[in-house]
Amino acid sequence: MAIVLAVPTCLLLAVTGLGVADRAADWSAARETAGQVGLLPPVQELVRELQRERGLTNGLLGGAKEYADDVAAQRKRTDAVRSELRTVLMSESADQAPGTASAVTDALLALAELDTTRGDIDAGSAERAPTLTFYTDAITMLTDAESTPAKSGAVPIGDRRIADGVRALQAVSRATEAVALERGSLNGVFAAGRFRSGEYADFTEVRATRVAALGQFAQLATPAQQSALDFAFGTVAAKRAVAFEAQAERGADGSDLSVVPSRWWAAMTTLVDDLYDVQRKVGEEIRARADETGSAATGQLGGFLALGALILAVATALAMFSARSITRPLGALADEADEIAGARLPTAVRHMQEADPDETLPAEPESPQLPGSNAREISRLAAALRNVEHTAVGLAAEQAVLRRNSTESLASLGRRNQALLRRQLVLITTLESQELDPDALAELFQLDHLATRMRRNAESLLLLAGEESSPRRWPGTVTITEVVQSAVAEVEEYQRVVAVEVEECRIRGHVVAELSHLLAELIENALMFSPPKQPVEIYGWRDAGEYCLAVVDRGVGMSAEQLTHANARLSGSESYLVAPTPLPGPPRGRHPRSPPRRPRRAAPHRRHGRHRLRRASCHARPAPRSATCGVGPRNRMTQDVPPPSFT
């Protein structure tokens, strides 16, 4: 019931959360847009004063000396406006857009060279074109700073009016800058009396920028905004400026121009001021719309939060009521599930794993009646638990059959492989007896060695399948030295194995193959987990009624806990099913000659616990690092020799 309530509750809360996130984003964007527009007036005022200083300075450098007093006065106004803007930025008002404030601060840093440029102008060392470029770059940085949040997408989602208004404001700002730049550029040209090299191209480029910006504004502006712009370009001063532009176009070939700079300046200044009025009007409309959107988003945000709290409260109440109504039957059902999981199911599965194929399964106990389980859902859940129990028991039976079939398949494969290897060894022996070439004979010996190792792997496969040991038999008895040599012949790096001190004794032939196999596994593990250049030593001695073989290597060793677990498994007191055991041979992904990745001691393979050497025992010792195999009692040996001194 809790899940049934949780799913729709989570869905409702998710929908509410999406609404909250959407409204919060709109509120934040509206607040940032309002802050951006609120910062525009002082920035635009500084841009306006810099544009005037740029135009007057360009005229002064063009030769109009009458602009000297105007330039000095304009510099004071520019410095005053710049100080006011710095004061506004330092106030860190909450209404300021962080992105716009940061961009404006960076733009003001670019004006650090303004005093140096003015000094060069007063000293007469400044060029007209570089000076114009300096002022234009500074103005461009301020203009770009005005639209920083809009570039980063800080516009309320879905509010097209604000988005279009911001883009329209950017367009009219670019148009105003183009008109102001044209005013300053031609002011210097008219003062000089003609266009210099490249100045006419700059003039046409500025006009093209203005036309493009006005075209974009026409697409985004409201009818009222477009009407205000048409009025600005329809004044007498604007028409007079157009006439002056036509005269400038006739001087494209470098001919003299007879336009009075002050008249051009007055006409264009009126047009620039009118464009600033349009720009201010657009900004005010954007701010009003942003404030309206922010207020609406605040109200909707509060509504969504209240709705989410209501949904959560109702869901909590329903969940508590439902929990009280099903506590008792669920408790009884939990007890039933614990009994199934902790007792009945493990007992049944263990019985299936250990029982013979033809043994009859015990009768299943009847499930007790659950108190208060008249509810259909509870009854179905109890039935489902019993079905799980029945299914698990059935799967255990299927797995037992599958393991039995797999074991029989492995045994069949091992026996066939063993028969083929015996035939291969007979053939190799025949070829060795007939071969006279020493090199070819050496290669046949290597092949014989590989086949011998393959035969041991085939015997290991039979052991894994639970089969009895190999059918190899020796008549009579065999010396322990021959058993050791047979085991060494079945490992890869047999050159590193040294029989240091092996006391003689004879072993009955019917256990030779099994003892040789067990000893080969110990030797191979010792070779695998010891340094490549370190020898593996074999010792043999009598110990009372037993004969002991020790395989000694000097690897990285094992911890005391690892030794305890290994010896518990070797003695049969701990099951090999507790943890997986790697297959015979080197660990997967590692060459036998590579150093071991973790401390590990050699030990016989786990299936040697089923070996027919019933009286053989193995034990791993920490120092010297070795694995010891003991064979006894005396009826396995046929010769009594006094025990040697051994250290």
# chains A, B, ... in the order shown; residues from 1 in each chain; ligands from 1

call {"tool": "select_by_dssp", "arguments": {"residues": "segment 70-181 of chain A", "states": "helix (DSSP H, G or I)", "output": "NGL selection string"}}
result
:A and (70-90 or 98-123 or 128-146 or 148-151 or 160-181)

call {"tool": "residues_around", "arguments": {"residues": "Ser412 of chain A", "least_positions_apart": "5", "cutoff": "9 Å", "atoms": "only C-alpha atoms", "output": "list in words"}}
result
Thr407, Asn417 and Leu462 of chain A

call {"tool": "closest_atom_pairs", "arguments": {"of": "segment 174-258 of chain A", "to": "segment 272-294 of chain A", "cutoff": "7 Å", "atoms": "only C-alpha atoms", "output": "tab-separated table"}}
result
residue	atom	partner	partner_atom	distance
A:Thr176	CA	A:Leu275	CA	6.1
A:Val179	CA	A:Val272	CA	6.7
A:Ala180	CA	A:Val272	CA	6.3
A:Gln225	CA	A:Val282	CA	6.9
A:Ala228	CA	A:Val278	CA	6.2
A:Leu229	CA	A:Val278	CA	6.3
A:Ala232	CA	A:Asp274	CA	5.4

call {"tool": "write_last_selection", "arguments": {"atoms": "C-alpha atoms", "output": "PDB file, in the first residue's frame"}}
result
ATOM      1  CA  THR A 176      23.226  54.544 -31.939  1.00  0.00           C
ATOM      2  CA  VAL A 179      25.556  56.967 -35.823  1.00  0.00           C
ATOM      3  CA  ALA A 180      27.831  58.377 -33.095  1.00  0.00           C
ATOM      4  CA  GLN A 225       9.116  51.602 -30.422  1.00  0.00           C
ATOM      5  CA  ALA A 228       9.695  56.515 -31.861  1.00  0.00           C
ATOM      6  CA  LEU A 229      12.633  55.507 -34.046  1.00  0.00           C
ATOM      7  CA  ALA A 232      14.050  60.387 -34.511  1.00  0.00           C
TER       8      ALA A 232
END

call {"tool": "atom_distance", "arguments": {"atom1": "atom CA of Val43 of chain A", "atom2": "atom CA of Leu142 of chain A"}}
result
7.1 Å

call {"tool": "closest_residue", "arguments": {"among": "A:Ser573, A:Thr430, A:Gln170, A:Ser262", "to": "Phe217 of chain A", "atoms": "only C-alpha atoms"}}
result
A:Gln170

call {"tool": "residues_around", "arguments": {"residues": "segment 438-449 of chain A", "least_positions_apart": "2", "cutoff": "7 Å", "atoms": "only C-alpha atoms", "output": "list of chain:residue names"}}
result
A:Leu425, A:Ile428, A:Glu432, A:Glu435, A:Leu436, A:Ala451, A:Thr452, A:Arg453, A:Ala489, A:Glu490
